[in-house]
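Everything below belongs to work.cif, which stores mmCIF, C-alpha atoms.
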```cif
data_final
#
loop_
_atom_site.label_atom_id
_atom_site.label_comp_id
_atom_site.auth_asym_id
_atom_site.auth_seq_id
_atom_site.Cartn_x
_atom_site.Cartn_y
_atom_site.Cartn_z
CA MET A 1 0.00 0.00 0.00
CA LEU A 2 1.15 3.51 -0.76
CA ILE A 3 1.42 6.12 1.96
CA GLY A 4 -1.91 7.79 1.13
CA GLU A 5 -3.87 4.57 1.49
CA VAL A 6 -2.04 3.63 4.71
CA ALA A 7 -2.88 7.06 6.12
CA ARG A 8 -6.58 6.60 5.30
CA ARG A 9 -6.76 3.12 6.82
CA SER A 10 -4.65 3.79 9.93
CA GLY A 11 -5.74 7.31 10.73
CA VAL A 12 -2.09 8.40 10.92
CA SER A 13 -1.33 11.42 8.78
CA PRO A 14 1.14 11.12 5.87
CA ARG A 15 3.31 13.71 7.61
CA MET A 16 3.53 11.57 10.77
CA LEU A 17 4.23 8.45 8.69
CA ARG A 18 7.16 10.24 7.06
CA HIS A 19 8.32 11.29 10.55
CA TYR A 20 8.19 7.65 11.68
CA ASP A 21 10.25 6.73 8.63
CA ALA A 22 12.85 9.42 9.38
CA LEU A 23 13.17 8.21 12.99
CA GLY A 24 13.43 4.58 11.92
CA LEU A 25 10.28 3.60 13.77
CA VAL A 26 8.34 2.36 10.73
CA ARG A 27 10.25 2.20 7.47
CA PRO A 28 8.31 0.94 4.45
CA THR A 29 9.94 -2.24 3.18
CA GLY A 30 9.27 -1.51 -0.50
CA ARG A 31 9.24 1.13 -3.17
CA SER A 32 6.90 1.40 -6.10
CA VAL A 33 8.14 1.67 -9.71
CA GLY A 34 7.84 5.42 -9.35
CA GLY A 35 9.93 5.40 -6.14
CA TYR A 36 7.05 5.97 -3.73
CA ARG A 37 7.00 4.39 -0.26
CA GLU A 38 5.17 1.08 -0.28
CA TYR A 39 4.05 -0.48 3.02
CA SER A 40 3.68 -4.19 3.57
CA ALA A 41 1.12 -5.80 5.90
CA GLU A 42 3.88 -6.18 8.50
CA ASP A 43 4.71 -2.48 8.18
CA VAL A 44 1.07 -1.58 8.82
CA ARG A 45 0.99 -3.82 11.90
CA ARG A 46 4.06 -2.02 13.20
CA ILE A 47 2.30 1.32 12.70
CA PHE A 48 -0.54 0.12 14.90
CA HIS A 49 2.00 -1.06 17.49
CA VAL A 50 3.53 2.41 17.54
CA GLU A 51 0.11 4.09 17.87
CA SER A 52 -0.88 1.72 20.69
CA LEU A 53 2.24 2.61 22.67
CA ARG A 54 1.75 6.31 21.96
CA SER A 55 -1.75 6.05 23.43
CA LEU A 56 -0.12 4.99 26.73
CA GLY A 57 1.91 8.19 26.82
CA LEU A 58 5.26 6.81 25.64
CA SER A 59 7.55 9.16 23.74
CA LEU A 60 8.70 8.19 20.25
CA ARG A 61 12.18 7.52 21.62
CA GLN A 62 10.76 5.16 24.25
CA ILE A 63 8.64 3.44 21.60
CA GLY A 64 11.71 2.93 19.40
CA ARG A 65 13.56 1.32 22.29
CA ALA A 66 10.60 -0.89 23.15
CA LEU A 67 10.32 -2.14 19.57
CA GLN A 68 14.03 -2.65 18.94
CA ASP A 69 15.51 -3.86 22.24
CA PRO A 70 14.51 -7.47 23.01
CA GLU A 71 15.83 -7.04 26.59
CA PHE A 72 13.64 -4.04 27.23
CA THR A 73 11.02 -4.80 29.90
CA PRO A 74 7.86 -2.72 30.16
CA SER A 75 7.28 -2.94 33.92
CA ALA A 76 9.65 -0.15 35.01
CA LEU A 77 8.59 2.15 32.17
CA VAL A 78 4.89 1.58 32.80
CA GLY A 79 5.46 2.32 36.50
CA ASP A 80 7.15 5.60 35.57
CA LEU A 81 4.30 6.46 33.22
CA ILE A 82 1.77 5.86 35.99
CA ARG A 83 3.64 8.22 38.32
CA TRP A 84 4.05 10.88 35.64
CA THR A 85 0.38 10.64 34.73
CA GLU A 86 -0.70 10.89 38.37
CA ASP A 87 1.49 13.97 38.83
CA ARG A 88 0.09 15.53 35.67
CA LEU A 89 -3.49 14.82 36.69
CA GLU A 90 -2.86 16.34 40.13
CA ARG A 91 -1.44 19.48 38.52
CA GLU A 92 -4.42 19.65 36.19
CA ARG A 93 -6.86 19.20 39.10
CA GLU A 94 -5.15 22.04 40.93
CA LEU A 95 -5.35 24.19 37.82
CA LEU A 96 -9.04 23.35 37.43
CA GLN A 97 -9.70 24.34 41.04
CA ARG A 98 -7.89 27.62 40.52
CA LEU A 99 -9.86 28.36 37.36
CA ARG A 100 -13.14 27.56 39.11
CA ALA A 101 -12.21 29.82 42.01
CA VAL A 102 -11.49 32.66 39.61
CA ASP A 103 -14.74 31.97 37.74
CA ALA A 104 -16.72 31.94 41.02
CA SER A 105 -15.43 35.42 41.80
CA ALA A 106 -17.20 36.72 38.66
CA PRO A 107 -14.29 39.06 37.92
CA THR A 108 -15.15 42.32 36.25
CA GLY A 109 -11.54 43.07 35.45
CA TRP A 110 -8.02 41.74 35.72
CA GLN A 111 -7.57 43.33 39.15
CA ASP A 112 -10.26 40.98 40.48
CA VAL A 113 -8.45 38.02 38.94
CA LEU A 114 -5.15 39.11 40.44
CA ARG A 115 -6.71 39.45 43.92
CA ILE A 116 -8.08 35.91 43.91
CA VAL A 117 -4.81 34.54 42.50
CA GLU A 118 -2.92 36.34 45.25
CA LEU A 119 -5.18 34.71 47.85
CA MET A 120 -4.59 31.27 46.34
CA GLN A 121 -0.85 31.76 46.34
CA GLY A 122 -0.92 32.92 49.96
CA LEU A 123 -2.97 29.93 51.11
CA ASP A 124 -0.66 27.55 49.24
CA SER A 125 2.51 29.05 50.74
CA HIS A 126 4.96 26.86 52.67
CA SER A 127 5.18 29.65 55.24
CA ALA A 128 2.63 29.38 58.07
CA ALA A 129 2.92 33.12 58.68
CA ARG A 130 2.07 33.91 55.08
CA ARG A 131 -0.88 31.50 55.08
CA GLN A 132 -2.20 33.15 58.23
CA GLN A 133 -1.73 36.61 56.72
CA ALA A 134 -3.62 35.53 53.59
CA ALA A 135 -6.50 34.22 55.70
CA LEU A 136 -6.78 37.45 57.68
CA ALA A 137 -6.49 39.74 54.66
CA ARG A 138 -10.27 39.51 54.02
CA PRO A 139 -10.40 39.93 50.22
CA GLU A 140 -13.08 42.26 48.92
CA ARG A 141 -14.94 39.45 47.21
CA ALA A 142 -15.47 37.30 50.32
CA ALA A 143 -17.98 34.99 48.67
CA ALA A 144 -15.45 34.00 46.05
CA SER A 145 -12.91 33.11 48.72
CA ALA A 146 -15.18 30.79 50.75
CA GLU A 147 -14.35 27.63 48.84
CA LEU A 148 -10.64 28.46 48.88
CA LEU A 149 -10.72 29.03 52.64
CA ALA A 150 -12.66 25.81 53.21
CA ARG A 151 -10.19 23.73 51.20
CA ALA A 152 -7.32 25.37 53.05
CA ILE A 153 -8.95 24.48 56.40
CA LEU A 154 -9.17 20.80 55.46
CA ARG A 155 -5.43 20.55 54.86
CA GLU A 156 -4.12 22.99 57.50
CA SER A 157 -2.22 21.37 60.40
CA ASP A 158 -0.88 24.53 62.05
CA PRO A 159 -3.37 25.41 64.85
CA HIS A 160 -2.81 29.18 64.59
CA VAL A 161 -3.32 29.24 60.83
CA ALA A 162 -6.33 26.92 61.16
CA GLY A 163 -7.90 29.30 63.65
CA ALA A 164 -7.38 32.25 61.32
CA LEU A 165 -8.89 30.30 58.43
CA ARG A 166 -11.98 29.34 60.44
CA TRP A 167 -12.35 32.95 61.57
CA ALA A 168 -12.15 34.18 58.00
CA LEU A 169 -14.58 31.57 56.69
CA ALA A 170 -17.13 32.15 59.45
CA ARG A 171 -17.08 35.89 58.69
CA SER A 172 -17.02 35.62 54.92
CA GLY A 173 -20.78 36.08 54.75
CA SER A 174 -21.08 33.16 52.33
CA ASP A 175 -21.87 29.47 52.43
CA GLY A 176 -18.67 27.65 53.23
CA VAL A 177 -20.44 24.57 54.62
CA ALA A 178 -20.93 23.01 51.21
CA ALA A 179 -17.20 23.16 50.56
CA LEU A 180 -16.50 21.53 53.94
CA ALA A 181 -19.04 18.75 53.52
CA ALA A 182 -16.68 16.50 51.58
CA GLY A 183 -14.09 16.84 54.32
CA ALA A 184 -16.66 15.83 56.93
CA HIS A 185 -16.91 12.46 55.18
CA SER A 186 -13.18 11.96 54.57
CA GLU A 187 -11.56 8.65 55.48
CA ASP A 188 -8.92 10.66 57.35
CA ALA A 189 -10.10 11.43 60.90
CA ALA A 190 -7.85 14.51 61.07
CA VAL A 191 -9.57 16.00 58.02
CA ARG A 192 -13.02 15.24 59.49
CA ARG A 193 -12.03 16.98 62.73
CA ARG A 194 -10.95 20.10 60.83
CA ALA A 195 -14.15 20.12 58.78
CA VAL A 196 -16.55 19.62 61.69
CA ARG A 197 -14.73 22.13 63.89
CA ALA A 198 -15.04 24.74 61.15
CA ILE A 199 -18.74 23.95 60.61
CA ALA A 200 -19.33 24.16 64.37
CA GLU A 201 -18.14 27.77 64.32
CA MET A 202 -20.93 28.72 61.88
CA PRO A 203 -23.84 26.54 63.08
CA GLY A 204 -26.44 28.88 61.63
CA ALA A 205 -25.15 28.61 58.06
CA PRO A 206 -27.27 26.70 55.52
CA GLY A 207 -26.53 22.99 55.74
CA ALA A 208 -24.51 23.26 58.97
CA ALA A 209 -27.10 21.57 61.21
CA GLU A 210 -27.41 18.63 58.83
CA ALA A 211 -23.63 18.21 58.56
CA LEU A 212 -23.22 18.34 62.35
CA ALA A 213 -26.07 15.86 62.85
CA ASP A 214 -24.29 13.42 60.53
CA ALA A 215 -21.11 13.90 62.56
CA LEU A 216 -22.85 12.71 65.74
CA GLY A 217 -22.46 9.19 64.39
CA ASP A 218 -18.79 9.58 63.53
CA PRO A 219 -16.49 6.85 64.90
CA ASP A 220 -13.97 9.46 66.05
CA PRO A 221 -14.83 10.79 69.56
CA THR A 222 -13.34 14.22 68.84
CA VAL A 223 -15.56 14.66 65.80
CA ARG A 224 -18.63 13.47 67.71
CA GLY A 225 -17.85 15.74 70.65
CA CYS A 226 -17.36 18.84 68.52
CA ALA A 227 -20.67 18.25 66.74
CA ALA A 228 -22.49 17.49 70.00
CA LEU A 229 -21.33 20.70 71.68
CA ALA A 230 -22.30 22.84 68.70
CA LEU A 231 -25.74 21.28 68.30
CA GLY A 232 -26.38 21.05 72.04
CA ARG A 233 -25.84 24.78 72.41
CA ARG A 234 -28.58 25.22 69.81
CA GLY A 235 -30.99 23.08 71.84
CA VAL A 236 -30.77 19.82 69.87
CA THR A 237 -31.76 17.13 72.38
CA ALA A 238 -30.44 14.32 70.19
CA THR A 239 -26.98 15.29 71.44
CA VAL A 240 -27.64 14.08 75.00
CA PRO A 241 -26.08 10.59 74.56
CA ALA A 242 -22.95 12.05 72.99
CA LEU A 243 -22.63 14.74 75.66
CA VAL A 244 -23.05 12.23 78.49
CA GLY A 245 -20.46 10.07 76.74
CA MET A 246 -18.04 13.01 76.81
CA VAL A 247 -18.51 13.34 80.58
CA VAL A 248 -17.88 9.62 81.00
CA GLU A 249 -14.77 9.72 78.81
CA GLY A 250 -13.44 12.94 80.36
CA SER A 251 -13.29 14.63 76.97
CA ASN A 252 -14.30 18.31 77.28
CA ASP A 253 -16.46 17.07 80.14
CA VAL A 254 -16.89 20.51 81.73
CA GLU A 255 -18.22 22.00 78.49
CA ALA A 256 -20.43 18.95 77.94
CA ALA A 257 -21.87 19.25 81.46
CA GLU A 258 -22.64 22.94 80.90
CA VAL A 259 -24.49 22.15 77.67
CA LEU A 260 -26.41 19.35 79.39
CA GLY A 261 -27.43 21.90 82.03
CA THR A 262 -28.67 24.26 79.33
CA LEU A 263 -30.66 21.49 77.63
CA SER A 264 -32.20 20.52 80.99
CA ARG A 265 -33.94 23.89 81.23
CA ASP A 266 -36.41 22.31 78.84
CA PRO A 267 -38.67 20.17 81.08
CA GLY A 268 -39.10 17.67 78.30
CA CYS A 269 -35.34 17.07 78.20
CA ALA A 270 -34.48 17.37 81.90
CA ASP A 271 -35.70 13.89 82.83
CA HIS A 272 -33.85 12.41 79.87
CA VAL A 273 -30.56 14.02 80.94
CA MET A 274 -31.02 13.02 84.57
CA ALA A 275 -31.79 9.42 83.64
CA ALA A 276 -28.73 9.22 81.39
CA LEU A 277 -26.36 10.57 84.06
CA THR A 278 -27.71 8.43 86.90
CA ALA A 279 -27.56 5.34 84.67
CA GLU A 280 -23.88 5.98 84.07
CA LEU A 281 -23.33 6.56 87.80
CA ALA A 282 -24.79 3.12 88.50
CA ALA A 283 -22.87 1.39 85.71
CA PRO A 284 -20.66 -1.40 87.12
CA THR A 285 -17.81 -0.34 84.82
CA ALA A 286 -17.72 3.27 86.10
CA ASP A 287 -14.55 3.97 88.09
CA SER A 288 -14.18 6.60 90.81
CA ALA A 289 -12.92 9.37 88.50
CA THR A 290 -15.80 8.79 86.07
CA ARG A 291 -18.39 8.90 88.85
CA ILE A 292 -16.90 12.12 90.20
CA ARG A 293 -17.21 13.75 86.75
CA LEU A 294 -20.81 12.56 86.53
CA THR A 295 -21.51 13.98 90.00
CA GLN A 296 -20.06 17.32 88.94
CA ALA A 297 -22.25 17.26 85.83
CA LEU A 298 -25.34 16.76 87.97
CA VAL A 299 -24.75 20.13 89.66
CA GLU A 300 -25.34 21.87 86.33
CA LEU A 301 -28.92 20.56 86.19
CA PRO A 302 -31.89 22.55 87.54
CA GLY A 303 -34.63 21.16 89.79
CA THR A 304 -35.01 19.45 93.15
CA THR A 305 -34.28 15.97 91.85
CA VAL A 306 -30.60 16.86 91.64
CA ARG A 307 -30.48 17.56 95.38
CA GLU A 308 -32.05 14.16 96.10
CA VAL A 309 -29.47 12.36 93.97
CA LEU A 310 -26.60 14.30 95.57
CA ASP A 311 -27.92 13.45 99.05
CA ARG A 312 -27.74 9.76 98.17
CA LEU A 313 -24.27 10.14 96.67
CA ALA A 314 -23.09 11.90 99.85
CA HIS A 315 -23.41 8.48 101.50
CA ASP A 316 -21.89 6.59 98.60
CA ASP A 317 -19.59 3.62 99.29
CA ASP A 318 -16.90 5.36 97.27
CA HIS A 319 -15.42 7.82 99.76
CA ALA A 320 -14.14 10.21 97.06
CA VAL A 321 -17.55 10.38 95.39
CA ALA A 322 -19.22 10.91 98.77
CA LEU A 323 -16.92 13.82 99.61
CA VAL A 324 -17.54 15.53 96.28
CA ALA A 325 -21.31 15.07 96.57
CA SER A 326 -21.30 16.39 100.16
CA ALA A 327 -19.39 19.48 99.06
CA PHE A 328 -21.90 20.18 96.30
CA VAL A 329 -24.81 19.73 98.71
CA LYS A 330 -23.28 22.45 100.90
CA VAL A 331 -22.80 24.71 97.88
CA LEU A 332 -26.45 24.27 96.88
CA ASP A 333 -27.58 24.98 100.44
CA SER A 334 -25.47 28.16 100.54
CA ALA A 335 -26.90 29.28 97.21
CA ARG A 336 -30.40 28.94 98.59
#
```

Starting from the file, lay out its structure as structure tokens.
Amino acid sequence: MLIGEVARRSGVSPRMLRHYDALGLVRPTGRSVGGYREYSAEDVRRIFHVESLRSLGLSLRQIGRALQDPEFTPSALVGDLIRWTEDRLERERELLQRLRAVDASAPTGWQDVLRIVELMQGLDSHSAARRQQAALARPERAAASAELLARAILRESDPHVAGALRWALARSGSDGVAALAAGAHSEDAAVRRRAVRAIAEMPGAPGAAEALADALGDPDPTVRGCAALALGRRGVTATVPALVGMVVEGSNDVEAAEVLGTLSRDPGCADHVMAALTAELAAPTADSATRIRLTQALVELPGTTVREVLDRLAHDDDHAVALVASAFVKVLDSAR
């Protein structure tokens, strides 16, 4: 077959076929009477071999080596190609995110574009001080920066920078919860903690309550506790089991007890809280320190039932618990 027919059947342009010939990749084995390149069936098969390898991302030099060197093994090269492709895709994903961020800012001029690019560069800096400065700069188009701030929160490990980012996002006046939602379902517990902590600082934002409610079932106690405190402060009674669990575990137990006290101002919830705390006090697995924390939590609750429970605990078999309960009884009496 002449070069024109090969080009039509293979989809490879005549110019590329001549390039293959010049490189020695696919040299036609024959010549017509007029001196034109004439390709055999074996030559055409080799063209398809070259195109197949090109589709994997191999360079023409690598393809030539693969076709000519019988000792050449593909495993190492394919491994390199995988790594190169992953790096390229990551760079392209980052570029796509940057372009979307610029598009979300609805720029009216190049100054708007430059401002959002400057924010992105600041948040991506290796310097914690510069990242913090970028977070606190409060760009004019706050809504456009919400997604950038949220993504930065999910990857930020420096506590000072993370605090600045949460502050900036909570005050951006835009919906950053949607951008944090993916982080709240990450397989990495550290990322989920960052996401839920940020959402907890803007509990009134659209979608925040739903995201925090989902986090109440998280396997990580820190995530559960953060969500429980935020929702409990907003009067969500479904947080009672998680809050009581925090008192039992000694994780932010003082804050949890205060929120339980606030929830107990609702008569419909007070009995539920009291029952949960007294059940834990009676649990056979509860050690002295746990029972003392539970006793301290009882003091936060309103009503006369608390005094009755403390009176019983003042005669508890555990001397330490009895002393603590007796002290609280005296405090309550003095308050009256």

Closest contacts (stretch 135-202 of chain A/stretch 227-250 of chain A, max 12 Å, only C-alpha atoms) as a tab-separated table:
```
residue	atom	partner	partner_atom	distance
A:Ala184	CA	A:Ala227	CA	10.9
A:Arg192	CA	A:Ala227	CA	11.0
A:Arg193	CA	A:Ala227	CA	9.6
A:Arg194	CA	A:Ala227	CA	11.5
A:Ala195	CA	A:Ala227	CA	10.5
A:Val196	CA	A:Ala227	CA	6.7
A:Arg197	CA	A:Ala227	CA	7.6
A:Ala198	CA	A:Ala227	CA	10.3
A:Ile199	CA	A:Ala227	CA	8.6
A:Ala200	CA	A:Ala230	CA	5.4
A:Glu201	CA	A:Ala230	CA	7.8
A:Met202	CA	A:Ala230	CA	9.1
```

Query raised in the report: Quick one: distance from atom CA of A:Ser334 to atom CA of A:Asp266 in Å, one decimal?
Result: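 Atom CA of A:Asp266 lies 25.0 Å from atom CA of A:Ser334.
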
Residues of stretch 66-142 of chain A within 10 Å of stretch 53-58 of chain A: nearest atom pair and distance (Å, one decimal) for each, counting only C-alpha atoms, sorted by chain and number, as a Markdown table?
```
| residue | atom | partner | partner_atom | distance |
| --- | --- | --- | --- | --- |
| A:Ala66 | CA | A:Leu53 | CA | 9.1 |
| A:Leu67 | CA | A:Leu53 | CA | 9.9 |
| A:Leu77 | CA | A:Leu58 | CA | 8.7 |
| A:Val78 | CA | A:Leu56 | CA | 8.6 |
| A:Leu81 | CA | A:Gly57 | CA | 7.0 |
| A:Ile82 | CA | A:Gly57 | CA | 9.5 |
| A:Trp84 | CA | A:Gly57 | CA | 9.5 |
| A:Thr85 | CA | A:Gly57 | CA | 8.4 |
```

**Report entry** stretch 20-37 of chain A environment, 9 Å, only C-alpha atoms, sequence neighbours closer than 4 positions dropped, as JSON, numbers by chain
**Finding:** {"A": [1, 2, 3, 15, 16, 42, 43, 44, 46, 47, 50, 60, 61, 63, 64, 67, 68]}

For the residues in that selection, give me C-alpha atoms as a compact mmCIF listing (two decimals), keeping the file's coordinate frame.
```txt
# COMPACT_ATOMS: atom_id res chain seq x y z
CA MET A 1 0.00 0.00 0.00
CA LEU A 2 1.15 3.51 -0.76
CA ILE A 3 1.42 6.12 1.96
CA ARG A 15 3.31 13.71 7.61
CA MET A 16 3.53 11.57 10.77
CA GLU A 42 3.88 -6.18 8.50
CA ASP A 43 4.71 -2.48 8.18
CA VAL A 44 1.07 -1.58 8.82
CA ARG A 46 4.06 -2.02 13.20
CA ILE A 47 2.30 1.32 12.70
CA VAL A 50 3.53 2.41 17.54
CA LEU A 60 8.70 8.19 20.25
CA ARG A 61 12.18 7.52 21.62
CA ILE A 63 8.64 3.44 21.60
CA GLY A 64 11.71 2.93 19.40
CA LEU A 67 10.32 -2.14 19.57
CA GLN A 68 14.03 -2.65 18.94
```

Query raised in the report: Within 12 Å of stretch 325-328 of chain A, counting all atoms listed in the file, which residues qualify if same-chain residues fewer than 6 places away don't, as number ranges by chain?
Result: A: 291-300, 306-319, 334-335

Query - Computed interatomic separation between atom CA of A:Glu51 and atom CA of A:Arg91 (Å) - result: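 Going from atom CA of A:Glu51 over to atom CA of A:Arg91, I get 25.8 Å.
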
Query raised in the report: What is the distance between atom CA of A:Asp112 and atom CA of A:Leu99, in Å to one decimal?
Result: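 Interatomic distance here is 13.0 Å.
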
Query raised in the report: Looking at only C-alpha atoms, which of A:Ala129, A:Ala189, A:Ala182, A:Leu301 is the one that sits closest to A:Val161?
Result: A:Ala129

Query raised in the report: stretch 100-108 of chain A: which residues within 10 Å, counting all atoms listed in the file, same-chain residues fewer than 3 positions away excluded, as an MDAnalysis selection string?
Result: chainID A and resid 94:97 111:117 120 141:148

Requested in this report: Compare A:Ala282, A:Arg98, A:Glu156, A:Ser75 by their minimum atom-to-atom distance to A:His126, counting only C-alpha atoms, and give me the closest one.
Outcome: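 Residue with the minimum atom-to-atom distance to A:His126: A:Glu156.
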
Query raised in the report: Using all atoms listed in the file, which of the listed residues (A:Ala170, A:Ala128, A:Ala320, A:Ala134) sits closest to A:Asp287?
Result: A:Ala320

Report task. Identify, on the basis of all atoms listed in the file, every residue whose closest approach to A:Ala205 does not exceed 8 Å; exclude the query and any residue fewer than 3 positions from it along the same chain; express the result as a PyMOL selection string. Result -> chain A and resi 175+177+202+208-209

Report task. Find, counting all atoms listed in the file, the residue in A:Asp158, A:Glu90, A:Asp271, A:Asp333 that gets nearest to A:Gly303. Result ->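 Closest residue, counting all atoms listed in the file: A:Asp271.
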